[in-house]
Every structure is written in C-alpha cells, then in structure tokens.
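Step one of this worksheet: look at the structure below.
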There are 4 protein chains.
Amino acid sequence: MSRKLIRDAVHGDIEIGALEVELMDTPEFQRLRGIKQLGTAYLVFPSAMHTRFEHSLGTLWMAHRLVQAVRRTHSVSTDDDRLIRIAALLHDITHIPFGHTLEDERRVLPRHDKDELRTNHFFRQSTVGRILEREGITDGILRVLEGRCGFMSDIAAGAISADLLDYLRRDTYFCGLSQNYDARIFESFAVVDDRLVFNLEKHGMLRRDALSELVNLLRIRYTLSERVYFHHTKIASGAMISKAVELAMREGLRPEDLRTLKDETLFFILAERFSRQPVIAHLTRRL
Amino acid sequence: MSRKLIRDAVHGDIEIGALEVELMDTPEFQRLRGIKQLGTAYLVFPSAMHTRFEHSLGTLWMAHRLVQAVRRTHSVSTDDDRLIRIAALLHDITHIPFGHTLEDERRVLPRHDKDELRTNHFFRQSTVGRILEREGITDGILRVLEGRCGFMSDIAAGAISADLLDYLRRDTYFCGLSQNYDARIFESFAVVDDRLVFNLEKHGMLRRDALSELVNLLRIRYTLSERVYFHHTKIASGAMISKAVELAMREGLRPEDLRTLKDETLFFILAERFSRQPVIAHLTRRL
Amino acid sequence: MSRKLIRDAVHGDIEIGALEVELMDTPEFQRLRGIKQLGTAYLVFPSAMHTRFEHSLGTLWMAHRLVQAVRRTHSVSTDDDRLIRIAALLHDITHIPFGHTLEDERRVLPRHDKDELRTNHFFRQSTVGRILEREGITDGILRVLEGRCGFMSDIAAGAISADLLDYLRRDTYFCGLSQNYDARIFESFAVVDDRLVFNLEKHGMLRRDALSELVNLLRIRYTLSERVYFHHTKIASGAMISKAVELAMREGLRPEDLRTLKDETLFFILAERFSRQPVIAHLTRRL
Amino acid sequence: MSRKLIRDAVHGDIEIGALEVELMDTPEFQRLRGIKQLGTAYLVFPSAMHTRFEHSLGTLWMAHRLVQAVRRTHSVSTDDDRLIRIAALLHDITHIPFGHTLEDERRVLPRHDKDELRTNHFFRQSTVGRILEREGITDGILRVLEGRCGFMSDIAAGAISADLLDYLRRDTYFCGLSQNYDARIFESFAVVDDRLVFNLEKHGMLRRDALSELVNLLRIRYTLSERVYFHHTKIASGAMISKAVELAMREGLRPEDLRTLKDETLFFILAERFSRQPVIAHLTRRL
C-alpha cells in the first residue's frame, strides 16, 4: 500500500494509505472542505475557518493512535484496523452545511446519522459508495458507524472517541484557546470485553492522574461549549439560517439539494433564488 | 473610543477600536472571509483555510506592534497611528478570489492595487468609502497605501512590514510548518529620516543577532515560497482557474462581478452559468 | 533608568531596570540559582531543574503585568509600581535549600517568611539590605511582603498573585505538562477598596468565562500538587533530607549555615562533614 | 523487558527499558544532574539550567527515532538497537564540570572522549562498567562511541546525530529561543553502505524541501553558537573557571577529583580548599 504524508496544522504529519486517498479524492469528500466545523462561530472567533474535511482526516489519525494504544494489550487485525480508520474518515460524510443547527437546534431536518436516505446516498450510491462496494466493505463500515461493532464502533464513533480527541484539539487550535489535553492520555485506553475503556485502575488502585486527565478532557469540552459552541452570536445567527432554510424549503428547496451545497453556496442560493420571499431576503442580508 | 478584544489563533487577543469595528462590519470587509489567503494551497495543506479577513486583522495588530516599537525613539501622533492601523486593516480590501493567480501569475486582470476602478469602488463608493469620507481620511488612507507617506507607508504596506510580519506567522501556523521568527525582532525597528528601518547597528557595531534574525525572516519567506506559494499543485490548479475565468469573461463575466464574489461562489457561478462552454465545464469539474 | 531585556524560557523577554539589575547581582540573589524551585521533583521529572532565581524574575514580570492590568481602572504611582516589582523580585530571597521540606513538611526550621533573624539578615544586613537602605525602601518592601499594603501586597504575595501566575506556567513548562492558563486572565484583575480582586461580574451579570478561567487556574494548581508537589518519591526523598539535616544540626550544623548553602553544597557538606554519623552517611548515600 | 515512561519537557514521554533504568540509577549517571549542559550560559539565559542528565536521556530518544526512521528501508536487529540506545545514553558519561571549557577552549585537560584513563574509569571500573560487563556489551558500546560501527556510530555519535537532534531542541527550549526543526526531518534519514545518510534525492531528483530543512538545522546550530555557545559573558566566565582550576591543579587538585564533582561542588571546593591561593580566591569570588 503506497503511503502518503499529509501535513496537518494540529497533528503534524498524518500517514494515509492508497484507498484512503482514493476516498478523499471523491466529490462527496472534497465537498466537506466547504462545510465549516463550527458553523458561524467565525463571527466570534475569526480564525475558526476549519472544515469537516480536516477534522475527518484528523479523526482518522486519532483512530490510528487509539488502535496503536489498545494494541499493547489487545490484538487488532489489519482488516479491522482498516475498517476503523475508514469509518473514522467517513464519520461526517453525510454532513450538510450548518448541519448541527438545522438538525439538532432547529430540527428542520433529521440528524445526519439518522437520515436513511442520506446514508444510502453517501454510502451506497455516490462515488464513495462505489469504492466501498468494490472493496466489499460497505456493510462493515456502516456497522462500525452505527455502533454495532463493539470497541471498533467506540473508537470511530463513541462518546470518548477519535472524533472527540480530534475536535477538542482542533477547535481550540483554530479558535486560539490555550487548552490541550496531555498526550499521555492514550496510555489509558484499552479494550475490555470488546469495548473501548478508559482505564482508571492499576494493580487494583485508582490512578488519580488518569482520572484528573479524564476530567480535564471533559473540562475542555465544557469550555468550548461555553465560549464557542453555544456563544449567543453563534446561536442567533444559526437560528436565522434555519429560519431562512425552512422558508426556502416551503418555496421549493429540497432536502437533497443540501447534499451538494457548501456553506457559501447555500447562502448564495438563498440570496439569489429565494430573495423574492421577503423574510429570506431580510435574513440573508444580515448574514 | 470603546475597545473590543478579538481572539485570534495566531496573535492571541487583538484590541480594536470602534471605527475599526465599524469598518470590519461592512459587506466589503466581511466578503474577505470568503477569500482564502493562500488560494488553492489547501489542496496540499488541508488546514490552510485561513482568509484575508483574519490576515487583515492580524496586519492591523502587527502595525500596532510596529508603532509601539518605533515610539521608543520616535513620536507618532494619535492621528497618524489611526491612519496606519486603518491602512493596515484595509490593505487587502480590493482583493478578489484567487487574486494573486488572476493578477500576478496569469495577468487576466490588473493587480489589485494598480486597478483604479477597483480602488475607487472600494475606497470611495462602497460602505467602507462612505465611512472613510465621513471621517475625512479617504485621501490619507490612500496616500499611506500608495507608499507616499514615509514610515507610515512602510509599516502598512512596505517590503518588511506589518503585512509580512502577519502572514509569515499565519501561513506557517495554518499550514502546520514549525517555523517562527523571534518576538524580539520588534526591538530592531526604528524610524530614521521618516522611513521605517531595521536597525543592524548598536553603538557603531554590527548587531549580529539582529542580522541573523533578519536572515531568519527571509528564510521563513523562502521556505513558504518553496513549499506552499509555488507548490506545483497550487500553480497548476491556479492556472486552471485563470483559464476558466478568462473563458468566462469572453462569455460575459465582467471584472466588476468579481468584486462581490468569494472563492466558493466564483466556482459555483463558473459551473452553473458557464458550463455550456465545454472547456469551463471540464476545468471546473476538476476543481 | 537604563532598561535591560532578559530572555526567559517561559515569558520571553523580561524588561528590568537598573536598580533591579543591581539587586539581582548581589551574592544573596545569585545564590538562588542553586536552589531548585521544586526540590527533589527532578527525581520524577528530570527536566525540572529550574530555580528560585528564574522564578523570582518571572514573578517580577507577572507583577508588572498585573500592574498594567489594574491600571486600566486604577491609578498606580511610579513609586508604588517600583515597590511592587522589587517586592515580587525579592519574595523568595530568604529561601534556603529544600526550604518547603525543612519548614513546612518537617518543621525542622521556622518558615522562611516567619523567621525574624533570617528576614533581618536578608533585608537589613546583606548586600541586598544595604541597597534597599540606600534607596530608603527597606520598610516599604517589608510591609508589602508582610501583607500590610492592600492591593500591593496582594499582587506581590497574595493567594492569587504574581507568584502563582509565574509558578503555574514555569512548573508546567519545566516538568513538561501541557497545561496553561489563558492570557486573557489578566483582563479580570482589578483593584477594589485597595484590594486586588478577580472580577467575575460585568454590568451586574456573572461572567461565566472569567469564572471558568479561575477554576482552570485552580485546576492547574491541583494537577501540579497531584503529579509533582506531592509525588511520593519527592515526599520520601524530602523526608530523608530533613532527617539528615536534623541530625546534622545536633552535630553542630547551625541554621545560619543554611543561608549561604545551595542544594548541591548542602548535600556535599552532609556527606563530607557529617558522615561519621552513620544515619547521615546512610541517608546521603541514597540521595 | 519492563517499560518505563519518563516525562521530558522537550520530547514528552520517553520510553526506557529495565537495563537503561539500571544504568541511569548509577552514581556516575546521576552525577550528570549536577553538570549543566551549557556551563555558565545561565549568566545570560537564566533558564538554561538543564543538565547532561536530561540531554543524555533525550539523546537516547532521538536515537530511537532515528532507528525507527531507518528501519523503513534497512533492517536493524534488536541487539544493534540496544547497543545504539545505550551508547546514546552514555555518550556524555565521561563529562566533568565545565568540560567543554576545560578541554576544548583552554585545554587544561584532554577531551572527555580522548582521555583513556577516564574512559576506562567510567566504562570498565565504575558501577556502569560492572553493568556493561555483566551484559557482555562493554566493547560493543565503546566501539559504537569510538566511531567504529558504521551507521550505529553515526546515530549515537556522528556529526548529524541523535546528540545534535536533542541538543538543538533542548538548548533552544531552555534558553527561550523560538527555533525548531521540522519533525518531518526524520523522513530524510536512511542507511546506505552501512552509513547514516541524509537523503536529498527522490527518484533521481533533488528534494529541495529536504535540503532547506538540512540548512535550517545548521542555521539553528549557528544561531545557538552566536547567541549562546560563544556569548562573550559565557566565554569570559569560562576562562576564569579554567584559570582557577589550572591554579588549583598546581596546588594539589587531581584530574581524577573532577570525576566525582559537579558544577556547584567544584566552585565550593575551589572557594573552600584553595582560597589561600589569592588568584583563585579572587576568581571564585566573582563567579
């Protein structure tokens, strides 16, 4: 497998294989370069321009680090490693512009990972779908992402997972918040009964340093919520976007149109095609 | 003057005044959020998503640091300080998507700072223009940016200027290259005969450390040229964009249309409006 | 006042004045280069070799930053600024090798700031004492350090003070723990009723970000306690040193001898002069 | 082999094996904690208190990274890996206080690696010597350190070696100079004809990025020489120490006495035992 090094601002060099490069080169994955990780947070933190593209790459890399970590005490086959890495790489492929806002905050649309039509589109019909089918891993990847593969699912899509380990570092780096977790945290991960666990014990004793590092991880998560994810400017601008999309859907915008749009082209279409609708016109002028 | 702190990933907190906030809130300035600092460099360095917006803010801040530095030996009035800061903030306001490519590499358009129509548009007719006029500083700002104001022009728009001091740090930060210049470099700047100079002398002796720091600055510039600015993938994709824009201009795209477009919406328009032209269709499919 | 820049690994360039340089050049202050900030913590964190010398310099610098911060809303005279800075610089001048161990953990000796003989020695009789007397600031400095000067004492020697702001950054930097507080923390300090306060309010509302930053400060303090200050290896080796010093004092070592010793020369003297005492010989062989 | 993690301020966690821990726990190796890496450079850079102990540990780690790097194209046996690591760990074991000053600048003593008596003492007669003999690797280690083992010698003791890769990062970190080489530099190392080479070619083409990174490495070396290693204050104080040691040797100080001394205890002995000699008394008062 030919090996490629990609330089990431957060993790340094990331090593990826030929199949992973092929998946990244699809139109669906490249589209993620236009979907910002933090939506309109840039209104408050102007350098938060990072996208789901880099985050997906970083999640693959954190998944790699977790596999390395658990391999000290648990064997992981090459095939399983491949599934975990690719699931991590593709965990956000179904995202649409301002997804969290449209799905979670306003519920204009079903959640990206609960929307069967979207899942089918991205994993079975698109260029990505064709590559996965050729490799015979479509169902394997979906099972990992749907949480049905024990520790493999935990690494790629769990609560304390590769996803979290990437975005905590990435969001703080691009917002300019001086917070980080300690690299030794990887030492605490292990596989027990087919689940990824964070090991707080050593020889029957509580490891206080592991516990305080876990608390630190959650604290960074909290700090980001407080200062970034739920900043009132972000929430208010998100509500305006949701309202505009909702109204545009009544005027003919279809959910499937959102699958090919990026943040900027969604704004552009709202302003160009739906500006006869006076509320949309009003809202988009203020974005 | 009310004071606002903006958190930047590169410089930390940046302090800006009420007039500067007002200029940043104009549609022309906000548009810079859609114009990436490094064009298509993200194809090679995926985290290089930073835009001319943050760079402009950072240039204001580096101008502030230079004014602080030269004030140790040279007095700078509050009015001149204001002109320098605002000139630094607005130095890239005339930029269009993929400007360096269209102007410098392919010469499809005149350079952003040599194009009188564009200068007029952004500094005299737009919202920015109205604010500058109200404050009576339009001509002052233009003189600073055109290099006619001695050290003030040197700080805002010279060869070793606030612009350079920002983009060296910013481009390395977002590309993930571990390079930086030493913060003590500001100690070496002074004003002599109304020009900003880099002082290599102390009590009649060569300051070797200042010289090696200056060389280091130029080395970082060189490293960025070699690995980022002139990376073959960036150059090749830039040539494709230029070709597509050139062809679209024959089909009706006007130079003034580019003044309101962003990177993504330029691509979108090329693909939507000019795809009957088969070469444009071919080129945009590959971007 | 001639100005000197000293490069510190933690804070970068620190600016000091002529009187401060003169105080630093005394034998008593230079002696601090031989007294490690963290005692025997190097047995666990090998790079924790930093001393009370750099910490004192850094505390001066943090005091300077706090004065700058409170000056936004409270006027501080040049004379008071000078007292605060010098008090911060000298706050640890009475320290002896393994002071915290001998004074706090084992109580072999009175605490460095409660020991009148030592205070007299360092602030009235030594070279430092003569300089302070010449400047007529001896009593002023002592009053600041003894907590009798309101906000000035709070900055130089309070619970959340220049001391804390330096050692949290310094201890994490030299131990290699990836923890830091946010630079914006200085924005929250103010002087109210002659006391330094950490302002958690803005326009009558709780500032959650200031609160979480304060919590973060205390968390870093806790993490250092858990992993460094009270690491069992550090505590055990400290107990051995205390025992050896206690026994040596029965054999003739005088408290005033400790005033000129450094960490290494204390070990050397214990091994050379008191090794007939078999317990001392045994203990020092193991250090 | 039981595995231990040691947290280093420069490289983060360093993984060492049981035999390496045993060697580090000897009196000869622990003595390195008292020998500063940069001699009297702390007079100019107060935080440069790091010692040959941490540097030796870091050199082992850089040797490990180089072995990992060359293993991509060249097989390295477990035994050879062990020899390289231990040679790197012990490469400075024969150092005495202010070694570079006494040996290279003033030639009061033969160089630490050319002094057969010292080599014999540290590698054959001491606790370290007994451990190496028990493991049957004494001659192997000496051959590596004497440059007689091709790429193994190059990694542990060559011109561009683990030693350099550690001290460039360590000296800049502790002096507070914002310089670093790029982590990708390890990609350029390979073994060709049993020598460690820095590969500037790929498919018959010059790799400009590898070349500029090599130049950067040499530039950091130069910057350190200019600002730290040959700073006039360091050179002048070094000359005073050399003079004092030279005079003390005429009065009875023996070269073998230096083998057990540390920086601080050397000063102490000069001041205590040789202060009848008026020049020594004069010199040591000024240190």
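Letters A, B, ... mark the chains of the structure tokens in the order given; residue numbers begin at 1 per chain; ligand numbers begin at 1, in order shown.
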
Do you have, as a Markdown table, the list of residues of chain C lying at most 8 Å from chain A, each with its nearest atom pair and that distance in Å to one decimal, counting only C-alpha atoms and ordered by chain then number?
| residue | atom | partner | partner_atom | distance |
| --- | --- | --- | --- | --- |
| C:Leu177 | CA | A:Asp182 | CA | 7.1 |
| C:Ser178 | CA | A:Asp182 | CA | 5.7 |
| C:Gln179 | CA | A:Asn180 | CA | 6.8 |
| C:Asn180 | CA | A:Ser178 | CA | 6.6 |
| C:Tyr181 | CA | A:Ser178 | CA | 6.9 |
| C:Asp182 | CA | A:Ser178 | CA | 5.7 |
| C:Arg208 | CA | A:Glu226 | CA | 7.8 |
| C:Asp209 | CA | A:Arg227 | CA | 6.9 |
| C:Ser212 | CA | A:Thr223 | CA | 7.3 |
| C:Thr223 | CA | A:Ser212 | CA | 7.3 |
| C:Glu226 | CA | A:Asp209 | CA | 7.4 |
| C:Arg227 | CA | A:Asp209 | CA | 7.0 |

Could you write those residues out with C-alpha atoms, as an mmCIF file, in the first residue's frame?
data_model
loop_
_atom_site.group_PDB
_atom_site.id
_atom_site.type_symbol
_atom_site.label_atom_id
_atom_site.label_comp_id
_atom_site.auth_asym_id
_atom_site.auth_seq_id
_atom_site.Cartn_x
_atom_site.Cartn_y
_atom_site.Cartn_z
ATOM 1 C CA LEU C 177 2.973 19.064 31.483
ATOM 2 C CA SER C 178 0.823 20.507 28.704
ATOM 3 C CA GLN C 179 -1.222 22.893 30.813
ATOM 4 C CA ASN C 180 -1.575 26.632 30.641
ATOM 5 C CA TYR C 181 -3.975 29.330 31.654
ATOM 6 C CA ASP C 182 -5.327 31.770 29.112
ATOM 7 C CA ARG C 208 -19.000 32.643 33.104
ATOM 8 C CA ASP C 209 -15.809 32.723 31.027
ATOM 9 C CA SER C 212 -14.236 29.015 34.268
ATOM 10 C CA THR C 223 -2.776 18.906 38.868
ATOM 11 C CA GLU C 226 -1.137 15.679 42.499
ATOM 12 C CA ARG C 227 1.608 14.883 39.999
#

Backbone DSSP call of strand (DSSP E) for segment 10-102 of chain B, listed as a list in words:
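Checking each residue of segment 10-102 of chain B, the strand (DSSP E) ones are Gly12, Asp13, Ile14, Glu15, Ile16 and Gly17 of chain B.
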
Would you save the residues of that selection, restricted to all heavy atoms, as a JSON list (two decimals), in the first residue's frame?
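File written: again-v9.json
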[["chain", "number", "residue", "atom", "x", "y", "z"],
["B", 12, "GLY", "N", -3.25, 35.83, 19.53],
["B", 12, "GLY", "CA", -3.99, 35.95, 20.78],
["B", 12, "GLY", "C", -4.96, 37.11, 20.70],
["B", 12, "GLY", "O", -5.51, 37.38, 19.63],
["B", 13, "ASP", "N", -5.16, 37.83, 21.82],
["B", 13, "ASP", "CA", -6.14, 38.91, 21.81],
["B", 13, "ASP", "C", -5.65, 40.12, 21.01],
["B", 13, "ASP", "O", -4.54, 40.60, 21.21],
["B", 13, "ASP", "CB", -6.46, 39.35, 23.24],
["B", 13, "ASP", "CG", -7.45, 38.39, 23.90],
["B", 13, "ASP", "OD1", -8.20, 37.72, 23.17],
["B", 13, "ASP", "OD2", -7.47, 38.32, 25.14],
["B", 14, "ILE", "N", -6.50, 40.60, 20.13],
["B", 14, "ILE", "CA", -6.24, 41.80, 19.33],
["B", 14, "ILE", "C", -7.23, 42.86, 19.78],
["B", 14, "ILE", "O", -8.42, 42.59, 19.89],
["B", 14, "ILE", "CB", -6.42, 41.47, 17.82],
["B", 14, "ILE", "CG1", -5.29, 40.55, 17.36],
["B", 14, "ILE", "CG2", -6.49, 42.74, 16.99],
["B", 14, "ILE", "CD1", -5.41, 40.12, 15.91],
["B", 15, "GLU", "N", -6.70, 44.06, 20.04],
["B", 15, "GLU", "CA", -7.53, 45.13, 20.57],
["B", 15, "GLU", "C", -7.92, 46.06, 19.43],
["B", 15, "GLU", "O", -7.03, 46.60, 18.76],
["B", 15, "GLU", "CB", -6.69, 45.89, 21.61],
["B", 15, "GLU", "CG", -7.43, 46.35, 22.81],
["B", 15, "GLU", "CD", -6.49, 46.97, 23.82],
["B", 15, "GLU", "OE1", -5.42, 46.37, 24.09],
["B", 15, "GLU", "OE2", -6.81, 48.07, 24.30],
["B", 16, "ILE", "N", -9.21, 46.28, 19.23],
["B", 16, "ILE", "CA", -9.60, 47.18, 18.16],
["B", 16, "ILE", "C", -10.58, 48.23, 18.66],
["B", 16, "ILE", "O", -11.30, 48.03, 19.63],
["B", 16, "ILE", "CB", -10.18, 46.45, 16.94],
["B", 16, "ILE", "CG1", -11.33, 45.55, 17.35],
["B", 16, "ILE", "CG2", -9.12, 45.65, 16.21],
["B", 16, "ILE", "CD1", -12.06, 45.00, 16.16],
["B", 17, "GLY", "N", -10.58, 49.35, 17.94],
["B", 17, "GLY", "CA", -11.42, 50.48, 18.33],
["B", 17, "GLY", "C", -12.75, 50.50, 17.59],
["B", 17, "GLY", "O", -12.98, 49.70, 16.67]]

Could you pull out the alpha helix (DSSP H) residues of segment 82-226 of chain C, going by DSSP on the backbone, and write them as a PyMOL selection string?
chain C and resi 82-90+99-100+116-120+127-135+138-145+150-157+162-175+208-224

For Arg259 of chain B, please output as an NGL selection string all residues within 9 Å (counting only C-alpha atoms; exclusion window: fewer than 3 positions along the same chain).
:B and (28 or 94-97 or 118 or 255-256 or 262)

Considering only C-alpha atoms, return as a PyMOL selection string whatever protein or nucleic-acid residues lie within 12 Å of His100 of chain D, sequence-local ones (same chain, fewer than 4 positions apart) excluded.
chain D and resi 35-40+92+94-96+104-113+229-230+234-235+238-239+241-242

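Separating atom CA of Ala190 of chain B from atom CA of Val67 of chain B is a distance of 9.2 Å.
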